[in-house]
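Engineer: Quick one, input_30.cif (mmCIF, C-alpha atoms):
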```
data_protein
#
loop_
_atom_site.label_atom_id
_atom_site.label_comp_id
_atom_site.auth_asym_id
_atom_site.auth_seq_id
_atom_site.Cartn_x
_atom_site.Cartn_y
_atom_site.Cartn_z
CA MET A 1 -8.83 -4.95 1.47
CA ASN A 2 -6.15 -3.80 -1.00
CA LEU A 3 -3.04 -4.03 1.16
CA ILE A 4 -0.85 -1.88 -1.03
CA ALA A 5 -3.31 1.03 -1.01
CA GLU A 6 -3.07 1.20 2.79
CA LEU A 7 0.71 1.76 2.77
CA THR A 8 1.72 5.39 3.05
CA ASN A 9 5.49 5.31 2.52
CA VAL A 10 8.31 3.15 1.22
CA HIS A 11 9.30 1.94 4.69
CA GLU A 12 5.82 0.53 5.22
CA VAL A 13 5.98 -1.17 1.82
CA GLU A 14 9.30 -2.77 2.81
CA GLU A 15 7.81 -4.11 6.05
CA ALA A 16 4.81 -5.47 4.18
CA ALA A 17 7.16 -7.20 1.72
CA ARG A 18 9.01 -8.77 4.64
CA GLY A 19 5.73 -10.39 5.65
CA VAL A 20 4.90 -11.56 2.12
CA LEU A 21 8.21 -12.94 0.89
CA ASP A 22 9.94 -16.09 2.06
CA GLY A 23 12.73 -15.12 4.45
CA PRO A 24 15.58 -16.16 2.15
CA VAL A 25 14.09 -14.24 -0.80
CA PHE A 26 13.69 -11.11 1.32
CA ASP A 27 17.31 -11.46 2.42
CA TYR A 28 18.39 -11.84 -1.21
CA VAL A 29 16.67 -8.57 -2.12
CA ALA A 30 17.58 -6.58 1.00
CA GLY A 31 21.11 -7.86 1.53
CA GLY A 32 24.42 -6.40 0.47
CA ALA A 33 28.13 -7.06 0.67
CA ALA A 34 29.97 -8.15 3.80
CA ASP A 35 28.77 -6.20 6.86
CA GLU A 36 26.32 -4.16 4.74
CA ILE A 37 27.80 -0.90 5.96
CA THR A 38 27.48 0.78 2.57
CA VAL A 39 23.87 -0.44 2.32
CA ARG A 40 23.12 1.45 5.53
CA TRP A 41 25.17 4.50 4.58
CA ASN A 42 23.27 4.82 1.30
CA VAL A 43 20.11 5.48 3.28
CA GLU A 44 21.56 7.24 6.34
CA LYS A 45 23.57 9.86 4.46
CA TYR A 46 20.41 11.18 2.81
CA ARG A 47 18.86 11.54 6.25
CA GLY A 48 21.83 13.61 7.41
CA LEU A 49 21.28 16.26 4.74
CA ARG A 50 19.05 19.12 5.89
CA LEU A 51 16.72 21.03 3.59
CA ARG A 52 16.36 24.80 3.51
CA PRO A 53 12.73 25.94 3.23
CA LYS A 54 11.94 28.97 1.11
CA VAL A 55 8.58 30.67 1.61
CA LEU A 56 6.23 32.88 -0.41
CA GLU A 57 7.47 31.63 -3.77
CA ASP A 58 4.83 30.93 -6.41
CA VAL A 59 4.71 27.15 -6.39
CA SER A 60 1.12 26.87 -7.59
CA SER A 61 2.30 25.12 -10.77
CA LEU A 62 4.94 22.45 -10.20
CA ARG A 63 6.93 21.12 -13.18
CA PRO A 64 8.82 17.91 -12.35
CA GLU A 65 9.39 16.84 -15.97
CA ILE A 66 12.90 16.48 -17.40
CA ASP A 67 14.47 15.81 -20.78
CA LEU A 68 17.00 12.98 -20.74
CA LEU A 69 18.81 11.51 -23.75
CA GLY A 70 16.04 12.46 -26.13
CA GLN A 71 13.28 11.25 -23.82
CA ARG A 72 10.74 13.31 -21.90
CA LEU A 73 10.37 11.94 -18.36
CA THR A 74 7.37 12.78 -16.19
CA MET A 75 9.67 13.01 -13.17
CA PRO A 76 13.38 12.48 -12.45
CA ILE A 77 12.93 8.89 -11.23
CA LEU A 78 13.61 5.66 -13.15
CA LEU A 79 13.47 2.01 -12.16
CA ALA A 80 17.03 0.76 -11.60
CA PRO A 81 18.01 -2.60 -13.10
CA THR A 82 17.49 -5.48 -10.68
CA ALA A 83 17.64 -9.18 -11.46
CA ASN A 84 15.30 -12.10 -10.84
CA HIS A 85 11.89 -10.48 -10.45
CA ARG A 86 10.26 -13.92 -10.70
CA LEU A 87 11.64 -14.62 -7.23
CA VAL A 88 9.54 -11.73 -5.95
CA HIS A 89 6.33 -12.10 -7.99
CA PRO A 90 5.02 -14.79 -10.37
CA GLU A 91 4.68 -12.31 -13.25
CA GLY A 92 8.19 -10.98 -12.71
CA GLU A 93 9.40 -8.24 -15.02
CA LEU A 94 6.09 -8.16 -16.89
CA ALA A 95 4.36 -6.89 -13.76
CA THR A 96 7.22 -4.45 -13.14
CA ALA A 97 6.90 -3.02 -16.66
CA ARG A 98 3.15 -2.66 -16.28
CA GLY A 99 3.63 -0.87 -12.97
CA ALA A 100 6.19 1.46 -14.52
CA GLY A 101 3.68 2.23 -17.24
CA LEU A 102 0.93 2.99 -14.74
CA ALA A 103 3.24 5.55 -13.11
CA GLY A 104 4.67 6.87 -16.39
CA VAL A 105 8.22 5.86 -15.50
CA THR A 106 11.06 4.35 -17.55
CA MET A 107 12.27 0.89 -16.55
CA VAL A 108 15.88 -0.24 -16.95
CA LEU A 109 15.68 -3.98 -17.59
CA SER A 110 18.51 -6.07 -16.16
CA SER A 111 20.34 -8.56 -18.35
CA GLY A 112 19.75 -10.84 -15.34
CA ALA A 113 16.00 -10.55 -15.80
CA ASN A 114 13.84 -13.68 -15.85
CA THR A 115 11.89 -12.37 -18.85
CA ASP A 116 13.11 -11.74 -22.40
CA ILE A 117 13.19 -8.07 -23.32
CA THR A 118 10.98 -8.75 -26.34
CA GLU A 119 8.22 -9.91 -23.99
CA VAL A 120 8.72 -6.98 -21.66
CA ALA A 121 8.57 -4.57 -24.60
CA ARG A 122 5.15 -5.92 -25.58
CA VAL A 123 3.58 -4.82 -22.29
CA ALA A 124 5.67 -1.69 -21.65
CA THR A 125 3.97 1.64 -22.30
CA GLN A 126 7.08 3.66 -21.45
CA PRO A 127 10.46 3.51 -23.19
CA LEU A 128 12.72 0.69 -22.01
CA TRP A 129 16.41 0.86 -21.24
CA PHE A 130 18.65 -2.19 -20.91
CA GLN A 131 21.47 -2.95 -18.46
CA LEU A 132 24.37 -5.19 -19.46
CA TYR A 133 26.58 -7.33 -17.29
CA VAL A 134 29.57 -7.71 -19.57
CA GLN A 135 30.25 -11.36 -20.44
CA HIS A 136 33.51 -13.22 -21.06
CA ASP A 137 32.57 -13.91 -24.70
CA ARG A 138 32.80 -10.74 -26.77
CA GLU A 139 30.43 -12.06 -29.44
CA LEU A 140 27.86 -12.95 -26.80
CA ASN A 141 28.04 -9.34 -25.62
CA ARG A 142 27.43 -8.20 -29.20
CA ASP A 143 24.46 -10.53 -29.59
CA ILE A 144 22.91 -9.50 -26.26
CA VAL A 145 23.21 -5.81 -27.09
CA GLN A 146 21.85 -6.22 -30.59
CA HIS A 147 18.96 -8.32 -29.29
CA ALA A 148 18.09 -5.69 -26.69
CA VAL A 149 18.35 -2.76 -29.08
CA GLY A 150 16.40 -4.68 -31.72
CA ALA A 151 13.63 -5.22 -29.16
CA GLY A 152 13.42 -1.48 -28.59
CA ALA A 153 15.90 -0.59 -25.84
CA LYS A 154 16.54 3.14 -26.09
CA VAL A 155 19.64 3.31 -23.86
CA LEU A 156 22.29 0.79 -22.82
CA CYS A 157 23.57 0.91 -19.23
CA VAL A 158 26.83 -1.00 -18.84
CA THR A 159 27.64 -2.06 -15.28
CA VAL A 160 31.36 -1.42 -14.72
CA ASP A 161 31.89 -1.96 -11.00
CA ASN A 162 31.88 -5.73 -10.65
CA PRO A 163 34.87 -7.49 -12.21
CA VAL A 164 34.45 -9.93 -9.33
CA GLU A 165 31.59 -10.92 -7.02
CA ALA A 166 31.64 -9.44 -3.53
CA ALA A 167 31.29 -11.43 -0.34
CA ARG A 168 27.52 -11.20 -0.02
CA ASN A 169 27.19 -13.15 3.20
CA ARG A 170 23.45 -12.72 3.68
CA GLU A 171 22.82 -13.82 0.10
CA GLN A 172 25.13 -16.77 0.58
CA ARG A 173 23.22 -17.87 3.66
CA ALA A 174 19.90 -17.43 1.88
CA ALA A 175 21.03 -19.76 -0.93
CA VAL A 176 18.02 -18.83 -3.05
CA LYS A 177 17.40 -20.91 -6.18
CA LEU A 178 15.31 -19.92 -9.18
CA PRO A 179 12.05 -21.87 -9.57
CA PRO A 180 12.01 -24.70 -12.15
CA GLY A 181 11.81 -23.37 -15.68
CA VAL A 182 12.91 -19.86 -14.71
CA ASP A 183 16.17 -18.65 -16.23
CA HIS A 184 17.87 -15.59 -17.70
CA PRO A 185 16.65 -15.49 -21.31
CA ASN A 186 18.41 -12.25 -22.24
CA TYR A 187 21.61 -14.25 -22.41
CA LEU A 188 19.95 -15.90 -25.43
CA GLY A 189 20.28 -19.47 -24.23
CA ARG A 190 23.97 -19.43 -25.03
CA PRO A 191 26.50 -21.33 -22.93
CA ARG A 192 28.22 -18.81 -20.72
CA ALA A 193 31.70 -19.10 -19.31
CA PRO A 194 31.71 -17.73 -15.75
CA ARG A 195 32.46 -14.02 -15.78
CA PHE A 196 34.57 -14.49 -12.69
CA THR A 197 35.54 -17.10 -10.13
CA VAL A 198 35.17 -16.60 -6.39
CA SER A 199 35.75 -19.31 -3.82
CA LEU A 200 37.72 -19.79 -0.64
CA ASP A 201 40.50 -21.21 -2.77
CA GLU A 202 40.50 -18.83 -5.71
CA VAL A 203 39.49 -15.30 -6.66
CA ARG A 204 39.77 -14.71 -10.39
CA PRO A 205 38.22 -11.44 -11.64
CA GLN A 206 37.00 -11.14 -15.21
CA LYS A 207 38.68 -8.85 -17.71
CA LEU A 208 36.61 -5.67 -17.70
CA ASP A 209 38.47 -2.63 -18.98
CA TRP A 210 37.98 0.69 -20.72
CA ALA A 211 38.78 -0.68 -24.16
CA LEU A 212 36.03 -3.30 -23.89
CA VAL A 213 33.46 -0.76 -22.75
CA GLU A 214 34.50 1.63 -25.53
CA TRP A 215 33.97 -1.20 -28.03
CA LEU A 216 30.48 -1.79 -26.64
CA GLY A 217 29.72 1.86 -27.22
CA SER A 218 30.84 1.56 -30.81
CA ILE A 219 28.41 -1.28 -31.57
CA ALA A 220 25.40 -0.32 -29.46
CA GLY A 221 23.70 2.13 -31.78
CA VAL A 222 22.05 3.83 -28.77
CA PRO A 223 23.39 6.07 -26.00
CA VAL A 224 25.59 4.20 -23.52
CA LEU A 225 25.75 5.04 -19.82
CA LEU A 226 28.37 3.63 -17.47
CA LYS A 227 26.83 2.43 -14.22
CA GLY A 228 29.10 2.17 -11.19
CA ILE A 229 31.06 5.41 -11.44
CA MET A 230 32.04 6.74 -8.00
CA THR A 231 34.99 9.09 -8.61
CA PRO A 232 35.61 12.22 -10.69
CA GLU A 233 38.56 10.54 -12.39
CA ASP A 234 36.46 7.64 -13.63
CA ALA A 235 33.72 10.01 -14.75
CA GLU A 236 36.28 11.93 -16.81
CA ARG A 237 37.55 8.70 -18.35
CA ALA A 238 33.98 7.67 -19.18
CA ILE A 239 33.39 10.89 -21.07
CA GLY A 240 36.69 10.39 -22.85
CA ILE A 241 35.61 7.05 -24.34
CA GLY A 242 32.32 8.49 -25.52
CA ALA A 243 29.86 7.60 -22.75
CA ALA A 244 26.59 9.49 -23.10
CA GLY A 245 26.30 9.72 -19.33
CA VAL A 246 27.30 8.16 -16.03
CA ILE A 247 25.39 6.60 -13.16
CA VAL A 248 26.89 7.23 -9.74
CA SER A 249 26.33 3.85 -8.13
CA ASN A 250 27.91 1.52 -5.62
CA HIS A 251 25.77 -1.41 -6.76
CA GLY A 252 23.31 -0.74 -3.96
CA GLY A 253 25.98 -1.71 -1.46
CA ARG A 254 26.23 -5.17 -3.04
CA ALA A 255 29.77 -4.79 -4.40
CA LEU A 256 32.58 -3.28 -2.30
CA ASP A 257 31.51 -2.69 1.29
CA THR A 258 32.54 0.53 3.10
CA VAL A 259 32.71 2.62 -0.06
CA PRO A 260 30.92 5.93 0.50
CA ALA A 261 27.21 6.40 0.00
CA THR A 262 26.38 7.50 -3.53
CA ILE A 263 25.00 10.83 -2.33
CA GLU A 264 28.44 11.52 -0.81
CA ALA A 265 30.22 10.68 -4.07
CA LEU A 266 27.78 12.59 -6.27
CA PRO A 267 28.90 16.24 -5.85
CA ALA A 268 32.49 15.67 -6.89
CA VAL A 269 31.42 13.69 -9.95
CA VAL A 270 28.93 16.38 -10.93
CA ASP A 271 31.57 19.09 -10.55
CA ARG A 272 34.04 17.23 -12.77
CA VAL A 273 31.46 16.41 -15.44
CA ALA A 274 30.39 20.08 -15.49
CA GLY A 275 27.27 19.51 -17.52
CA ARG A 276 28.92 17.72 -20.43
CA VAL A 277 26.78 14.59 -19.98
CA PRO A 278 23.91 13.63 -17.69
CA VAL A 279 24.81 12.32 -14.24
CA LEU A 280 22.32 9.90 -12.69
CA VAL A 281 22.48 8.42 -9.20
CA ASP A 282 21.02 5.38 -7.46
CA GLY A 283 21.29 3.82 -4.01
CA GLY A 284 19.45 4.63 -0.79
CA ILE A 285 16.54 6.68 -2.09
CA ARG A 286 13.54 6.04 0.17
CA ARG A 287 11.75 9.39 0.17
CA GLY A 288 10.84 12.07 -2.33
CA THR A 289 13.02 14.42 -0.29
CA ASP A 290 15.95 12.15 -1.19
CA VAL A 291 15.23 12.78 -4.87
CA LEU A 292 15.24 16.52 -4.21
CA LYS A 293 18.57 16.27 -2.38
CA ALA A 294 20.15 14.31 -5.24
CA LEU A 295 19.00 16.93 -7.74
CA ALA A 296 20.27 19.68 -5.44
CA TYR A 297 23.72 18.11 -5.71
CA GLY A 298 23.45 18.16 -9.49
CA ALA A 299 22.00 14.79 -10.47
CA THR A 300 20.00 14.84 -13.68
CA ALA A 301 17.79 11.99 -12.46
CA THR A 302 17.65 9.23 -9.88
CA LEU A 303 17.00 5.49 -9.95
CA VAL A 304 15.32 3.34 -7.31
CA GLY A 305 15.78 -0.41 -6.92
CA ARG A 306 14.76 -2.21 -3.75
CA PRO A 307 11.71 0.01 -3.09
CA TYR A 308 9.90 -1.05 -6.24
CA LEU A 309 10.82 -4.70 -5.67
CA TYR A 310 9.09 -4.46 -2.30
CA GLY A 311 6.07 -2.97 -4.05
CA LEU A 312 6.18 -5.76 -6.64
CA ALA A 313 6.17 -8.35 -3.87
CA VAL A 314 3.18 -6.82 -2.10
CA GLY A 315 1.00 -5.77 -5.01
CA GLY A 316 2.41 -6.76 -8.40
CA ALA A 317 2.10 -4.05 -11.04
CA GLU A 318 -0.10 -1.94 -8.78
CA GLY A 319 2.49 -2.24 -6.02
CA VAL A 320 5.26 -0.95 -8.28
CA ALA A 321 3.07 1.95 -9.38
CA HIS A 322 2.09 2.71 -5.78
CA VAL A 323 5.72 3.05 -4.68
CA LEU A 324 6.43 5.40 -7.58
CA LYS A 325 3.35 7.47 -6.84
CA ILE A 326 4.42 7.79 -3.20
CA LEU A 327 7.85 9.04 -4.24
CA ARG A 328 6.35 11.42 -6.80
CA MET A 329 3.93 12.89 -4.25
CA GLU A 330 6.70 13.35 -1.69
CA PHE A 331 9.01 14.90 -4.30
CA LEU A 332 6.38 17.37 -5.48
CA ALA A 333 5.59 18.36 -1.89
CA ALA A 334 9.29 18.87 -1.21
CA MET A 335 9.63 21.05 -4.30
CA ALA A 336 6.76 23.21 -3.06
CA LEU A 337 7.97 23.44 0.53
CA THR A 338 11.45 24.52 -0.56
CA GLY A 339 10.05 27.06 -3.01
CA ARG A 340 11.29 25.30 -6.15
CA PRO A 341 8.53 25.08 -8.78
CA THR A 342 10.72 23.69 -11.57
CA ILE A 343 13.60 21.26 -11.90
CA ALA A 344 15.82 24.12 -13.09
CA SER A 345 15.20 25.98 -9.84
CA ILE A 346 16.62 23.13 -7.74
CA ASP A 347 20.27 23.75 -6.84
CA ARG A 348 22.60 23.39 -3.88
CA THR A 349 20.96 26.27 -2.06
CA VAL A 350 18.12 23.81 -1.33
CA LEU A 351 20.48 22.25 1.22
CA TRP A 352 21.16 23.93 4.56
#
```
Can you give me the file's structure in the form of structure tokens?
Structural biologist:
Amino acid sequence: MNLIAELTNVHEVEEAARGVLDGPVFDYVAGGAADEITVRWNVEKYRGLRLRPKVLEDVSSLRPEIDLLGQRLTMPILLAPTANHRLVHPEGELATARGAGLAGVTMVLSSGANTDITEVARVATQPLWFQLYVQHDRELNRDIVQHAVGAGAKVLCVTVDNPVEAARNREQRAAVKLPPGVDHPNYLGRPRAPRFTVSLDEVRPQKLDWALVEWLGSIAGVPVLLKGIMTPEDAERAIGIGAAGVIVSNHGGRALDTVPATIEALPAVVDRVAGRVPVLVDGGIRRGTDVLKALAYGATATLVGRPYLYGLAVGGAEGVAHVLKILRMEFLAAMALTGRPTIASIDRTVLW
């Protein structure tokens, strides 16, 4: 029996992954910062939003496609960058890219991936984006970006919300180690000074500022999005330094605990941006109705992280594709049941 085909929603996929993965690896994927309050809020706040049905609209032809940064997406869902896929499945990011291709979805490859972007690009059938954790060495940043863009990355997502590691207690207890021979090749085998220092005796954040991110934008040669924007003020500053878009993100609850859920932060950011650049959002999406709610608040597109990792654990490439197909089906049904046949027809009146 094909286990993944029997799973009807993301929650069932998560439970199946819990049974497949070693306990510490599951905790590494599922865990967040401190008491994991923001992790829970990310999911719960979507559940608290009520949808307004609209009947007798012609929804016989649904159009979920969007245009984003010169790319035509089959639906407003992308794969968020997550590290260390080889912990979850032997084929790692190669299986993830194949699954994204099966579902017609863009993958954002993490700089913490266990597979070089050139290898991922060989199996990808959808455009790839690349996420950068800014390093201490400026020239290493340049080389990583140029390597990624040279391999075909169409967009660079710069993570801006982690100048220091959070207290990820569940991850600390799990103490997961990469298997022998598995590393992070997108750092190009270069010696890396620690980006930051965190211990009981010392907390030393890295230097991560607007000038550095602006410099990255000047050398990238592709659109640059800033990932980790949670306030209107930071969104405005991002536009001011030339960002092509922002991703409303709280690092999946893995950075600062007790910050609001991303769906709570989204409306104010959207209002400030006022259509000047795309606004994407990640964190907490577990249903297609969540995608609809994010778009109702003005998001251009959404990203999912943990759900596809659970699919990867259970069914490899087919598991990733299955999760995305579930979300697509639920999203299309929600469009129809709220009387919204196109993306353009989704606005805040979808919400009660």
Engineer: Show me, as a PDB file with C-alpha atoms, in the coordinates of the input, the residues that have an atom within 7 Å of A:Leu226 when counting only C-alpha atoms, minus same-chain residues fewer than 2 positions from it.
Structural biologist:
```
ATOM      1  CA  CYS A 157      23.570   0.910 -19.230  1.00  0.00           C
ATOM      2  CA  VAL A 158      26.830  -1.000 -18.840  1.00  0.00           C
ATOM      3  CA  THR A 159      27.640  -2.060 -15.280  1.00  0.00           C
ATOM      4  CA  VAL A 160      31.360  -1.420 -14.720  1.00  0.00           C
ATOM      5  CA  VAL A 224      25.590   4.200 -23.520  1.00  0.00           C
ATOM      6  CA  GLY A 228      29.100   2.170 -11.190  1.00  0.00           C
ATOM      7  CA  ILE A 229      31.060   5.410 -11.440  1.00  0.00           C
ATOM      8  CA  ALA A 243      29.860   7.600 -22.750  1.00  0.00           C
ATOM      9  CA  GLY A 245      26.300   9.720 -19.330  1.00  0.00           C
ATOM     10  CA  VAL A 246      27.300   8.160 -16.030  1.00  0.00           C
ATOM     11  CA  ILE A 247      25.390   6.600 -13.160  1.00  0.00           C
TER      12      ILE A 247
END
```
Engineer: Residues within 8 Å of A:Met329, please, as a short mmCIF file (atom, residue, chain, number, x, y, z; two decimals) with C-alpha atoms, keeping the file's coordinate frame. Count only C-alpha atoms; anything in the same chain fewer than 4 positions from it doesn't count.
Structural biologist:
```cif
data_model
loop_
_atom_site.label_atom_id
_atom_site.label_comp_id
_atom_site.auth_asym_id
_atom_site.auth_seq_id
_atom_site.Cartn_x
_atom_site.Cartn_y
_atom_site.Cartn_z
CA GLY A 288 10.84 12.07 -2.33
CA LYS A 325 3.35 7.47 -6.84
CA ALA A 333 5.59 18.36 -1.89
#
```
Engineer: Go through A:Ala80, A:Leu49, A:Leu3, A:Leu216 one by one, measure the shortest atom-to-atom distance of each to A:Leu309 using all atoms listed in the file, and give the residue with the smallest value.
Structural biologist: A:Ala80
Engineer: From (27.9, 2.3, -26.6), in the file's coordinates, out to 12 Å: which residues are reached, counting only C-alpha atoms? Answer as a PyMOL selection string.
Structural biologist: chain A and resi 130-132+141-142+145-146+149+154-158+210-226+238-239+241-245
Engineer: If the PyMOL selection byres ((chain A and resi 290-303) around 6) is run on the structure shown, which residues does it catch, given as a list in words?
Structural biologist: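 So the PyMOL selection byres ((chain A and resi 290-303) around 6) ends up selecting Pro76, Ile77, Leu78, Leu79, Ala80, Pro267, Val270, Pro278, Val279, Leu280, Val281, Asp282, Ile285, Arg287, Gly288, Thr289, Val304, Ile346, Asp347 and Arg348 of chain A.
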Engineer: Can you list, as a CSV table (one decimal) with C-alpha atoms, keeping the file's coordinate frame, the residues that the PyMOL selection byres ((chain A and resi 109-116) around 8) selects here?
Structural biologist:
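Saved the output as part09.csv:
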```csv
chain,number,residue,atom,x,y,z
A,80,ALA,CA,17.0,0.8,-11.6
A,81,PRO,CA,18.0,-2.6,-13.1
A,82,THR,CA,17.5,-5.5,-10.7
A,83,ALA,CA,17.6,-9.2,-11.5
A,84,ASN,CA,15.3,-12.1,-10.8
A,85,HIS,CA,11.9,-10.5,-10.4
A,86,ARG,CA,10.3,-13.9,-10.7
A,92,GLY,CA,8.2,-11.0,-12.7
A,93,GLU,CA,9.4,-8.2,-15.0
A,94,LEU,CA,6.1,-8.2,-16.9
A,107,MET,CA,12.3,0.9,-16.6
A,108,VAL,CA,15.9,-0.2,-17.0
A,117,ILE,CA,13.2,-8.1,-23.3
A,118,THR,CA,11.0,-8.8,-26.3
A,119,GLU,CA,8.2,-9.9,-24.0
A,120,VAL,CA,8.7,-7.0,-21.7
A,128,LEU,CA,12.7,0.7,-22.0
A,129,TRP,CA,16.4,0.9,-21.2
A,130,PHE,CA,18.6,-2.2,-20.9
A,131,GLN,CA,21.5,-3.0,-18.5
A,132,LEU,CA,24.4,-5.2,-19.5
A,133,TYR,CA,26.6,-7.3,-17.3
A,182,VAL,CA,12.9,-19.9,-14.7
A,183,ASP,CA,16.2,-18.6,-16.2
A,184,HIS,CA,17.9,-15.6,-17.7
A,185,PRO,CA,16.6,-15.5,-21.3
A,186,ASN,CA,18.4,-12.2,-22.2
A,187,TYR,CA,21.6,-14.2,-22.4
```
Engineer: Can you give me, as a PyMOL selection string, the residues this file yields under the PyMOL selection byres ((chain A and resi 56) around 10)?
Structural biologist: chain A and resi 54-55+57-59+337-339
Engineer: Show me as a PDB file with C-alpha atoms, keeping the file's coordinate frame the residues that reach within 12 Å of (7.1, -1.3, 5.6), counting all atoms listed in the file and using the file's own coordinates.
Structural biologist:
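out.pdb written:
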```pdb
ATOM      1  CA  LEU A   3      -3.040  -4.030   1.160  1.00  0.00           C
ATOM      2  CA  ILE A   4      -0.850  -1.880  -1.030  1.00  0.00           C
ATOM      3  CA  GLU A   6      -3.070   1.200   2.790  1.00  0.00           C
ATOM      4  CA  LEU A   7       0.710   1.760   2.770  1.00  0.00           C
ATOM      5  CA  THR A   8       1.720   5.390   3.050  1.00  0.00           C
ATOM      6  CA  ASN A   9       5.490   5.310   2.520  1.00  0.00           C
ATOM      7  CA  VAL A  10       8.310   3.150   1.220  1.00  0.00           C
ATOM      8  CA  HIS A  11       9.300   1.940   4.690  1.00  0.00           C
ATOM      9  CA  GLU A  12       5.820   0.530   5.220  1.00  0.00           C
ATOM     10  CA  VAL A  13       5.980  -1.170   1.820  1.00  0.00           C
ATOM     11  CA  GLU A  14       9.300  -2.770   2.810  1.00  0.00           C
ATOM     12  CA  GLU A  15       7.810  -4.110   6.050  1.00  0.00           C
ATOM     13  CA  ALA A  16       4.810  -5.470   4.180  1.00  0.00           C
ATOM     14  CA  ALA A  17       7.160  -7.200   1.720  1.00  0.00           C
ATOM     15  CA  ARG A  18       9.010  -8.770   4.640  1.00  0.00           C
ATOM     16  CA  GLY A  19       5.730 -10.390   5.650  1.00  0.00           C
ATOM     17  CA  VAL A  20       4.900 -11.560   2.120  1.00  0.00           C
ATOM     18  CA  ARG A 286      13.540   6.040   0.170  1.00  0.00           C
ATOM     19  CA  PRO A 307      11.710   0.010  -3.090  1.00  0.00           C
ATOM     20  CA  TYR A 310       9.090  -4.460  -2.300  1.00  0.00           C
ATOM     21  CA  GLY A 311       6.070  -2.970  -4.050  1.00  0.00           C
ATOM     22  CA  ALA A 313       6.170  -8.350  -3.870  1.00  0.00           C
ATOM     23  CA  VAL A 314       3.180  -6.820  -2.100  1.00  0.00           C
ATOM     24  CA  VAL A 323       5.720   3.050  -4.680  1.00  0.00           C
TER      25      VAL A 323
END
```
Engineer: Return as AutoDock Vina command-line options the box centre and box size in Å, one decimal, for an axis-aligned box around all listed atoms of stretch 157-167 of chain A padded by 3 Å per side.
Structural biologist:
```
--center_x 29.2 --center_y -5.3 --center_z -9.8 --size_x 17.3 --size_y 18.3 --size_z 24.9
```
Engineer: Enter the distance from atom CA of A:Ala148 to atom CA of A:Gly101, in Å, rounded to one decimal.
Structural biologist: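 Going from atom CA of A:Ala148 over to atom CA of A:Gly101, I get 19.0 Å.
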Engineer: Could you give me, as a list in words, the residues within 10 Å of stretch 30-37 of chain A, counting only C-alpha atoms and dropping anything in the same chain fewer than 6 positions from it?
Structural biologist: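 My reading of the contact set: Glu14, Arg18, Pro24, Glu165, Ala166, Ala167, Arg168, Asn169, Arg170, Glu171, Gln172, Ala174, His251, Gly252, Gly253, Arg254, Ala255, Leu256, Asp257, Thr258, Val259, Pro260, Ala261, Arg306, Pro307, Leu309 and Tyr310 of chain A.
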Engineer: Using atom CA of A:Ala274 and atom CA of A:Leu69 as the two end points, give the distance in Å to one decimal.
Structural biologist: 16.6 Å
Engineer: If you measure from atom CA of A:Ala334 to atom CA of A:Pro64, what distance in Å do you get, rounded to one decimal?
Structural biologist: 11.2 Å
Engineer: Ranking A:Pro90, A:Gly283, A:Pro53, A:Gly70 by minimum distance to A:Gly315 and counting all atoms listed in the file, which one comes first?
Structural biologist: A:Pro90
